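Data file: work-v3.txt. Format and content: compact mmCIF, C-alpha atoms.
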```
# COMPACT_ATOMS: atom_id res chain seq x y z
CA MET B 101 -24.02 -4.18 20.42
CA ASP B 102 -22.71 -3.97 16.85
CA VAL B 103 -25.08 -4.11 13.92
CA THR B 104 -23.62 -6.70 11.59
CA ALA B 105 -24.79 -8.56 8.54
CA PRO B 106 -27.32 -11.34 9.10
CA PRO B 107 -25.98 -14.90 9.37
CA GLY B 108 -25.36 -16.43 5.99
CA ARG B 109 -25.17 -13.14 4.18
CA THR B 110 -22.29 -13.15 1.70
CA ALA B 111 -22.74 -9.96 -0.33
CA LEU B 112 -20.96 -6.85 0.88
CA PRO B 113 -23.15 -3.78 1.60
CA LEU B 114 -21.57 -1.92 -1.30
CA PRO B 115 -23.70 1.28 -1.22
CA ALA B 116 -22.72 1.92 2.40
CA LEU B 117 -19.09 0.93 1.86
CA LEU B 118 -18.80 3.15 -1.22
CA ALA B 119 -20.19 6.09 0.75
CA LEU B 120 -17.51 5.44 3.36
CA ALA B 121 -14.92 5.23 0.57
CA ALA B 122 -16.09 8.59 -0.76
CA SER B 123 -15.63 10.08 2.71
CA VAL B 124 -12.09 8.70 2.86
CA PHE B 125 -11.44 10.05 -0.65
CA LEU B 126 -12.53 13.51 0.51
CA GLY B 127 -10.23 13.33 3.52
CA CYS B 128 -7.31 12.11 1.40
CA LEU B 129 -7.80 14.86 -1.20
CA THR B 130 -7.99 17.49 1.50
CA GLU B 131 -4.68 16.26 2.88
CA ILE B 132 -2.58 15.93 -0.26
CA VAL B 133 -3.99 18.41 -2.82
CA PRO B 134 -1.91 21.38 -1.54
CA ALA B 135 1.28 19.63 -2.70
CA GLY B 136 0.24 20.25 -6.32
CA ILE B 137 -0.72 23.92 -5.92
CA LEU B 138 1.88 25.24 -3.49
CA LEU B 139 3.48 27.74 -5.89
CA PRO B 140 0.30 29.58 -6.97
CA ALA B 141 -1.06 29.47 -3.42
CA ALA B 142 2.19 30.94 -2.05
CA ALA B 143 2.19 33.73 -4.64
CA ASP B 144 -1.46 34.61 -4.00
CA LEU B 145 -1.11 34.59 -0.20
CA GLY B 146 2.16 36.53 -0.26
CA VAL B 147 4.36 33.91 1.41
CA SER B 148 7.38 31.89 0.32
CA PRO B 149 6.98 28.40 -1.15
CA ALA B 150 8.70 27.03 1.96
CA ALA B 151 6.10 28.70 4.18
CA ALA B 152 3.29 27.41 1.98
CA GLY B 153 4.76 23.93 2.36
CA GLN B 154 3.78 24.06 6.02
CA LEU B 155 0.18 23.61 4.86
CA VAL B 156 1.14 19.98 4.28
CA THR B 157 3.37 19.60 7.33
CA VAL B 158 0.96 20.98 9.94
CA TYR B 159 -1.78 18.71 8.60
CA ALA B 160 0.20 15.52 9.23
CA ILE B 161 1.47 16.69 12.61
CA THR B 162 -2.02 17.71 13.76
CA THR B 163 -3.45 14.35 12.70
CA ALA B 164 -0.73 12.53 14.64
CA LEU B 165 -1.20 14.60 17.80
CA THR B 166 -5.01 14.70 17.90
CA ALA B 167 -6.05 11.26 16.62
CA LEU B 168 -6.00 9.61 20.03
CA PRO B 169 -7.60 12.29 22.25
CA LEU B 170 -10.30 13.26 19.75
CA THR B 171 -11.17 9.65 18.96
CA ALA B 172 -11.50 8.93 22.67
CA ALA B 173 -13.60 12.06 23.23
CA SER B 174 -16.02 11.13 20.43
CA ALA B 175 -16.19 7.40 21.21
CA ARG B 176 -19.76 7.47 22.58
CA MET B 177 -21.23 9.52 19.75
CA PRO B 178 -23.43 7.58 17.27
CA ARG B 179 -21.23 6.60 14.35
CA ARG B 180 -23.28 8.03 11.47
CA LYS B 181 -23.82 11.32 13.27
CA LEU B 182 -20.08 11.61 13.84
CA LEU B 183 -19.34 10.82 10.18
CA LEU B 184 -21.78 13.53 9.05
CA LEU B 185 -20.14 16.05 11.38
CA LEU B 186 -16.70 15.19 10.00
CA VAL B 187 -17.79 15.60 6.36
CA ALA B 188 -19.51 18.88 7.24
CA GLY B 189 -16.28 19.95 8.92
CA PHE B 190 -14.35 19.33 5.68
CA VAL B 191 -16.91 21.46 3.84
CA ALA B 192 -16.39 24.32 6.29
CA THR B 193 -12.58 24.18 6.41
CA ASN B 194 -12.14 23.87 2.65
CA LEU B 195 -14.51 26.78 2.07
CA ALA B 196 -12.58 28.84 4.62
CA ILE B 197 -9.35 28.15 2.72
CA ALA B 198 -10.97 28.99 -0.61
CA LEU B 199 -12.25 32.35 0.64
CA SER B 200 -9.53 33.47 3.07
CA PRO B 201 -7.17 36.31 2.05
CA TRP B 202 -4.90 35.60 5.04
CA PHE B 203 -2.29 32.88 5.24
CA ALA B 204 -2.75 32.59 9.01
CA LEU B 205 -6.43 31.68 8.58
CA VAL B 206 -5.57 29.18 5.84
CA LEU B 207 -3.01 27.58 8.15
CA ALA B 208 -5.57 27.42 11.00
CA ALA B 209 -8.09 25.77 8.68
CA ARG B 210 -5.48 23.18 7.74
CA VAL B 211 -4.91 22.43 11.41
CA ALA B 212 -8.66 21.91 11.85
CA SER B 213 -8.77 19.64 8.79
CA GLY B 214 -5.90 17.57 10.17
CA ALA B 215 -7.80 17.06 13.42
CA LEU B 216 -10.88 15.91 11.49
CA THR B 217 -8.80 13.42 9.53
CA GLY B 218 -7.41 11.84 12.68
CA ILE B 219 -10.94 10.88 13.71
CA LEU B 220 -12.07 9.94 10.19
CA TRP B 221 -9.53 7.17 9.55
CA SER B 222 -10.30 5.23 12.72
CA LEU B 223 -14.05 5.83 12.42
CA VAL B 224 -14.36 4.59 8.84
CA ALA B 225 -12.17 1.53 9.41
CA ASN B 226 -14.25 0.32 12.34
CA TYR B 227 -17.52 1.32 10.69
CA ALA B 228 -16.79 -0.82 7.64
CA MET B 229 -15.75 -3.84 9.70
CA ARG B 230 -18.88 -3.65 11.86
CA LEU B 231 -21.17 -3.75 8.81
CA VAL B 232 -20.19 -7.31 7.81
CA PRO B 233 -19.48 -10.69 9.42
CA ALA B 234 -15.99 -10.99 10.87
CA GLU B 235 -14.79 -13.33 8.12
CA ARG B 236 -15.45 -10.64 5.49
CA SER B 237 -14.14 -7.65 7.40
CA GLY B 238 -10.92 -7.46 5.38
CA ARG B 239 -12.76 -7.13 2.07
CA ALA B 240 -15.17 -4.60 3.52
CA LEU B 241 -12.28 -2.55 4.83
CA ALA B 242 -10.52 -2.70 1.46
CA VAL B 243 -13.60 -1.24 -0.25
CA ALA B 244 -14.12 1.46 2.38
CA MET B 245 -10.46 2.53 2.30
CA ALA B 246 -10.23 2.52 -1.51
CA GLY B 247 -10.53 6.30 -1.36
CA THR B 248 -6.95 6.51 -0.07
CA PRO B 249 -5.00 5.00 -3.03
CA ILE B 250 -7.39 6.61 -5.51
CA GLY B 251 -6.84 9.93 -3.80
CA PHE B 252 -3.06 9.50 -3.93
CA ALA B 253 -3.23 8.42 -7.57
CA LEU B 254 -5.44 11.29 -8.73
CA GLY B 255 -5.31 13.98 -6.08
CA VAL B 256 -2.03 15.80 -6.70
CA PRO B 257 -2.04 15.69 -10.54
CA ALA B 258 -5.76 16.51 -10.78
CA GLY B 259 -5.44 19.32 -8.24
CA ALA B 260 -2.44 20.76 -10.05
CA ALA B 261 -4.22 20.64 -13.43
CA LEU B 262 -7.42 22.18 -12.05
CA GLY B 263 -5.39 24.84 -10.24
CA GLU B 264 -3.77 25.86 -13.52
CA LEU B 265 -7.14 26.08 -15.27
CA VAL B 266 -9.30 27.90 -12.73
CA GLY B 267 -7.00 28.89 -9.85
CA TRP B 268 -5.95 27.18 -6.64
CA ARG B 269 -8.86 28.55 -4.58
CA TRP B 270 -11.37 26.79 -6.80
CA VAL B 271 -9.69 23.48 -6.02
CA PHE B 272 -10.65 23.86 -2.35
CA ALA B 273 -14.06 25.31 -3.21
CA GLY B 274 -14.69 22.33 -5.49
CA MET B 275 -13.85 19.85 -2.72
CA ALA B 276 -16.26 21.65 -0.41
CA LEU B 277 -19.11 21.73 -2.93
CA VAL B 278 -18.69 18.09 -3.94
CA ALA B 279 -18.91 17.07 -0.28
CA VAL B 280 -22.41 18.53 0.13
CA PRO B 281 -24.21 15.72 -1.78
CA LEU B 282 -22.02 13.25 0.11
CA LEU B 283 -23.90 14.23 3.28
CA TRP B 284 -27.18 13.16 1.69
CA TRP B 285 -25.60 9.94 0.38
CA ILE B 286 -24.41 8.99 3.87
CA VAL B 287 -27.86 9.57 5.35
CA ALA B 288 -29.47 7.53 2.57
CA VAL B 289 -27.29 4.39 2.53
CA VAL B 290 -25.06 4.16 5.62
CA PRO B 291 -26.79 2.31 8.50
CA PRO B 292 -26.66 4.04 11.88
CA LEU B 293 -24.47 2.35 14.46
CA PRO B 294 -24.17 3.16 18.16
CA GLY B 295 -21.04 4.59 19.69
CA GLU B 296 -19.19 3.02 22.56
CA GLU B 297 -21.41 2.10 25.49
CA PRO B 298 -20.83 3.86 28.83
CA GLY B 299 -18.31 2.02 30.93
CA THR B 300 -16.56 0.25 28.02
CA ARG B 301 -14.00 2.93 27.18
CA SER B 302 -10.56 1.38 27.39
CA SER B 303 -7.51 3.06 28.80
CA LEU B 304 -4.41 3.68 26.76
CA ARG B 305 -2.46 1.34 29.01
CA ALA B 306 -4.88 -1.52 28.36
CA VAL B 307 -4.59 -1.04 24.61
CA VAL B 308 -0.79 -0.96 24.66
CA ARG B 309 -0.73 -4.16 26.73
CA THR B 310 -2.77 -6.05 24.12
CA PRO B 311 -0.65 -8.96 22.80
CA GLY B 312 0.89 -8.12 19.45
CA ILE B 313 -0.14 -4.47 19.44
CA ARG B 314 3.25 -2.97 20.33
CA PRO B 315 5.11 -4.85 17.56
CA LEU B 316 2.38 -3.68 15.19
CA PHE B 317 2.82 -0.02 16.17
CA LEU B 318 6.59 -0.32 15.72
CA LEU B 319 5.99 -1.99 12.36
CA VAL B 320 3.74 0.87 11.25
CA ILE B 321 6.26 3.50 12.33
CA ALA B 322 9.18 1.80 10.57
CA PHE B 323 7.20 1.24 7.37
CA SER B 324 5.91 4.82 7.23
CA LEU B 325 9.33 6.30 8.04
CA ALA B 326 11.05 4.29 5.29
CA HIS B 327 8.35 4.89 2.70
CA ASN B 328 8.05 8.64 3.26
CA MET B 329 11.80 9.13 3.53
CA PHE B 330 12.23 7.74 0.01
CA TYR B 331 8.96 8.82 -1.62
CA THR B 332 9.19 12.46 -0.49
CA TYR B 333 12.57 12.84 -2.20
CA LEU B 334 11.93 10.67 -5.22
CA GLY B 335 12.48 13.71 -7.48
CA PRO B 336 16.11 14.21 -6.39
CA PHE B 337 16.67 10.45 -6.70
CA TYR B 338 15.39 10.47 -10.30
CA ALA B 339 17.56 13.50 -11.04
CA GLY B 340 20.62 11.78 -9.58
CA ARG B 341 20.02 8.81 -11.88
CA GLY B 342 19.66 11.11 -14.90
CA HIS B 343 15.93 10.46 -15.42
CA LEU B 344 14.15 13.48 -13.96
CA ALA B 345 11.97 13.63 -17.10
CA LEU B 346 10.50 10.24 -16.12
CA LEU B 347 9.37 11.37 -12.66
CA SER B 348 5.77 12.10 -13.69
CA ALA B 349 5.50 8.70 -15.36
CA GLY B 350 6.94 7.00 -12.30
CA LEU B 351 4.52 8.74 -9.95
CA LEU B 352 1.59 7.89 -12.24
CA LEU B 353 2.59 4.21 -12.31
CA PHE B 354 2.99 4.22 -8.55
CA GLY B 355 -0.42 5.78 -7.99
CA THR B 356 -2.22 3.50 -10.44
CA ALA B 357 -0.62 0.40 -8.93
CA THR B 358 -1.77 1.34 -5.41
CA VAL B 359 -5.37 0.69 -6.47
CA ALA B 360 -4.47 -2.82 -7.68
CA GLY B 361 -2.49 -3.38 -4.49
CA LEU B 362 -5.48 -2.55 -2.32
CA TRP B 363 -7.63 -5.00 -4.31
CA LEU B 364 -5.09 -7.81 -3.85
CA VAL B 365 -4.80 -7.14 -0.13
CA GLY B 366 -8.58 -7.19 0.18
CA LEU B 367 -8.62 -10.70 -1.27
CA ALA B 368 -5.95 -12.08 1.07
CA LEU B 369 -6.27 -10.07 4.28
CA ASP B 370 -9.03 -12.05 6.00
CA ARG B 371 -7.23 -15.39 5.71
CA HIS B 372 -3.55 -14.43 5.71
CA PRO B 373 -3.01 -11.19 7.65
CA ARG B 374 0.56 -11.98 8.70
CA VAL B 375 1.54 -12.87 5.14
CA VAL B 376 0.07 -9.58 3.93
CA LEU B 377 2.05 -7.58 6.50
CA THR B 378 5.27 -9.38 5.60
CA CYS B 379 4.80 -9.13 1.84
CA CYS B 380 3.95 -5.40 1.83
CA ALA B 381 7.22 -4.60 3.61
CA ALA B 382 9.40 -7.21 1.88
CA VAL B 383 8.29 -6.25 -1.63
CA THR B 384 8.78 -2.55 -0.85
CA ALA B 385 12.30 -3.22 0.46
CA ALA B 386 13.06 -5.20 -2.71
CA CYS B 387 11.81 -2.29 -4.83
CA PHE B 388 14.12 0.08 -2.98
CA GLY B 389 16.98 -2.27 -3.77
CA ILE B 390 16.06 -2.38 -7.46
CA LEU B 391 15.94 1.42 -7.55
CA VAL B 392 19.40 1.66 -5.97
CA PHE B 393 21.11 -0.94 -8.16
CA GLY B 394 19.13 -0.62 -11.39
CA GLY B 395 17.79 2.91 -11.25
CA ARG B 396 19.85 4.10 -14.20
CA GLU B 397 17.90 1.76 -16.50
CA PRO B 398 14.54 3.42 -17.36
CA VAL B 399 12.65 0.13 -17.57
CA LEU B 400 13.86 -1.04 -14.15
CA LEU B 401 13.26 2.40 -12.66
CA LEU B 402 9.62 2.55 -13.76
CA ALA B 403 8.97 -1.13 -13.06
CA ALA B 404 10.27 -0.76 -9.49
CA CYS B 405 8.00 2.27 -8.90
CA ALA B 406 4.98 0.35 -10.17
CA LEU B 407 5.78 -2.67 -7.97
CA TRP B 408 6.36 -0.32 -5.03
CA GLY B 409 2.90 1.15 -5.56
CA LEU B 410 1.42 -2.35 -5.66
CA ALA B 411 3.03 -3.19 -2.31
CA PHE B 412 2.12 0.15 -0.74
CA GLY B 413 -1.50 0.17 -1.91
CA GLY B 414 -2.81 -2.22 0.69
CA ALA B 415 -0.35 -1.51 3.52
CA PRO B 416 -2.31 1.17 5.42
CA THR B 417 -5.51 -0.86 5.13
CA SER B 418 -3.81 -4.01 6.40
CA PHE B 419 -2.40 -2.07 9.36
CA GLN B 420 -5.87 -0.87 10.34
CA ALA B 421 -7.46 -4.29 9.84
CA VAL B 422 -4.85 -6.07 11.95
CA THR B 423 -5.18 -3.37 14.62
CA ALA B 424 -8.92 -4.04 14.84
CA VAL B 425 -8.41 -7.81 14.98
CA LEU B 426 -5.89 -7.53 17.81
CA ALA B 427 -7.70 -4.85 19.82
CA GLY B 428 -11.26 -6.21 19.62
CA ARG B 429 -13.55 -3.93 21.67
CA ARG B 430 -10.67 -1.51 22.14
CA ALA B 431 -10.46 -0.98 18.36
CA ASP B 432 -11.35 2.74 18.34
CA ILE B 433 -8.51 3.73 20.66
CA ALA B 434 -6.09 1.29 19.02
CA GLN B 435 -6.95 2.62 15.55
CA SER B 436 -6.22 6.16 16.67
CA LEU B 437 -2.79 5.04 17.88
CA THR B 438 -2.10 3.37 14.54
CA ILE B 439 -3.07 6.60 12.76
CA ALA B 440 -0.93 8.69 15.11
CA SER B 441 2.01 6.34 14.52
CA TRP B 442 1.59 6.53 10.75
CA ASN B 443 1.21 10.31 10.51
CA GLY B 444 3.97 11.02 13.00
CA ALA B 445 6.27 8.90 10.85
CA VAL B 446 5.11 10.77 7.73
CA ALA B 447 6.50 13.99 9.17
CA GLY B 448 9.53 12.20 10.62
CA GLY B 449 10.36 10.49 7.33
CA ALA B 450 10.26 13.76 5.43
CA LEU B 451 12.43 15.42 8.09
CA ILE B 452 15.05 12.65 8.28
CA GLY B 453 15.10 12.34 4.50
CA GLY B 454 15.68 16.07 4.16
CA VAL B 455 18.60 15.96 6.59
CA LEU B 456 20.17 13.02 4.74
CA LEU B 457 19.60 14.66 1.38
CA GLY B 458 21.50 17.72 2.54
CA THR B 459 24.35 15.91 4.30
CA ALA B 460 24.75 12.43 2.81
CA PRO B 461 22.39 11.96 -0.16
CA GLY B 462 23.85 8.57 -1.02
CA ALA B 463 22.82 7.25 2.39
CA LEU B 464 19.13 8.12 1.98
CA PRO B 465 18.00 5.08 -0.04
CA TRP B 466 20.16 2.73 2.06
CA THR B 467 18.63 4.08 5.25
CA ALA B 468 15.17 3.55 3.78
CA ILE B 469 16.06 -0.05 2.87
CA ALA B 470 17.38 -0.75 6.37
CA LEU B 471 14.24 0.71 7.95
CA MET B 472 11.96 -1.27 5.64
CA VAL B 473 13.58 -4.54 6.75
CA VAL B 474 12.36 -3.84 10.30
CA PRO B 475 8.64 -4.43 9.48
CA VAL B 476 9.55 -7.71 7.80
CA LEU B 477 11.20 -8.89 11.02
CA LEU B 478 8.45 -7.54 13.29
CA SER B 479 5.57 -9.13 11.39
CA ARG B 480 6.21 -12.52 13.03
CA PHE B 481 5.60 -11.00 16.47
CA VAL B 482 2.25 -9.36 15.63
CA PHE B 483 0.29 -12.61 16.02
CA PRO B 484 2.09 -14.25 18.95
CA ALA B 485 -0.61 -16.85 19.56
CA ARG B 486 -0.37 -18.32 16.07
```

Show how you would write the structure in this file as structure tokens.
Amino acid sequence: MDVTAPPGRTALPLPALLALAASVFLGCLTEIVPAGILLPAAADLGVSPAAAGQLVTVYAITTALTALPLTAASARMPRRKLLLLLVAGFVATNLAIALSPWFALVLAARVASGALTGILWSLVANYAMRLVPAERSGRALAVAMAGTPIGFALGVPAGAALGELVGWRWVFAGMALVAVPLLWWIVAVVPPLPGEEPGTRSSLRAVVRTPGIRPLFLLVIAFSLAHNMFYTYLGPFYAGRGHLALLSAGLLLFGTATVAGLWLVGLALDRHPRVVLTCCAAVTAACFGILVFGGREPVLLLAACALWGLAFGGAPTSFQAVTAVLAGRRADIAQSLTIASWNGAVAGGALIGGVLLGTAPGALPWTAIALMVVPVLLSRFVFPAR
């Protein structure tokens, strides 16, 4: 039985939710920080920048491949105990990267971190929603997942700046050391919840047959493909429009706006989940169009990136919340499939975008626009009973 808030309780359990958000922030930083320190890491480890770039790629692929089996394997473990093990795992893998003189060991530690992340996303999402009454689950989830947009907004630039000051290894060592007090914080404020009871584990087939779940998975894949196809190669797009010098400003506006986007989604998600799904995709598609047609104007270029960040900020959270609503008691397995869909599309979007950039660069933004229209069309099928 879930431990939820008492009847009539309206306040969110902020200490617990903020501890969950800090855990998500740690996982997000661990995933994206290497993008800002690839060159010094490659030089120190004696590999090419392209080889060092695999530290990002293998992470996403590992998360996509292991989210489902590892979530299923850990389903019966008490939730707080599992969360503590995951945070401790990030401490160990980040320390291994900070101390390792061998690229192979660094790569293996990244694979291990990717596996931990696959469990973390589904665990935290369901944890947050079980701590509050159902009618407030969207807001609780928005708080718990706030670590993701904050991590994207601050992670790469902060990691790059810190790497220049003290060296790339200290970036990973710092993430490991900061996570140690997080273990105490979780024990102090996060209520223990039981894992899945024996005999309630749902099969993959049962999850996939849940009404609305297959359109949702397709929606997630299309959204992530389109977003990552364009976002990964935003630098070449800026350069093609003659505004490469504005790239840092555009990325900063995007990252800052994601935080506001998550807040807005948290306000609307509980009452209007379908509207949130539709708007996140529709606004993003519109931003892509503005970038294509008005990208040579600096004001339109930066405004479109900020609006894009606003639309993107709450999208992953809304996907997880809707997954939990549709799947009910099968939420753990369903969440892992959502995470696998998202991360698989992260790698796929970067791959397809790279192919288009090398063969038909003008087609890249148009392909992203066409893909982003798909979630808009699919959103009406996610809630078939309404």

TODO: Go through B:Ala288, B:Leu168, B:Leu293, B:Cys128 one by one, measure the shortest atom-to-atom distance of each to B:Leu254 using only C-alpha atoms, and give the residue with the smallest value.
DONE: B:Cys128

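Between B:Gly312 and the residues B:Asn443, B:Ala385, B:Met229, B:Leu426, the shortest atom-to-atom distance, using only C-alpha atoms, involves B:Leu426.
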
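Considering all atoms listed in the file, the residue among B:Ile390, B:Leu451, B:Leu325, B:Leu347 positioned nearest to B:Pro475 is B:Leu325.
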
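Atom CA of B:Val211 to atom CA of B:Gly448 spans 17.7 Å [interatomic distance, one decimal].
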
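Residues lying within 9 Å of B:Leu318, counting only C-alpha atoms and ignoring same-chain neighbours fewer than 3 positions away, are Ile313, Arg314, Pro315, Ile321, Ala322, Phe323, Ser441, Val474, Pro475 and Leu478 of chain B.
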
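Residues in contact range of B:Phe354, defined as at most 8 Å between all atoms listed in the file, with sequence neighbours fewer than 6 positions away removed, read Ala253, Cys405, Ala406, Leu407, Trp408, Gly409 and Leu410 of chain B.
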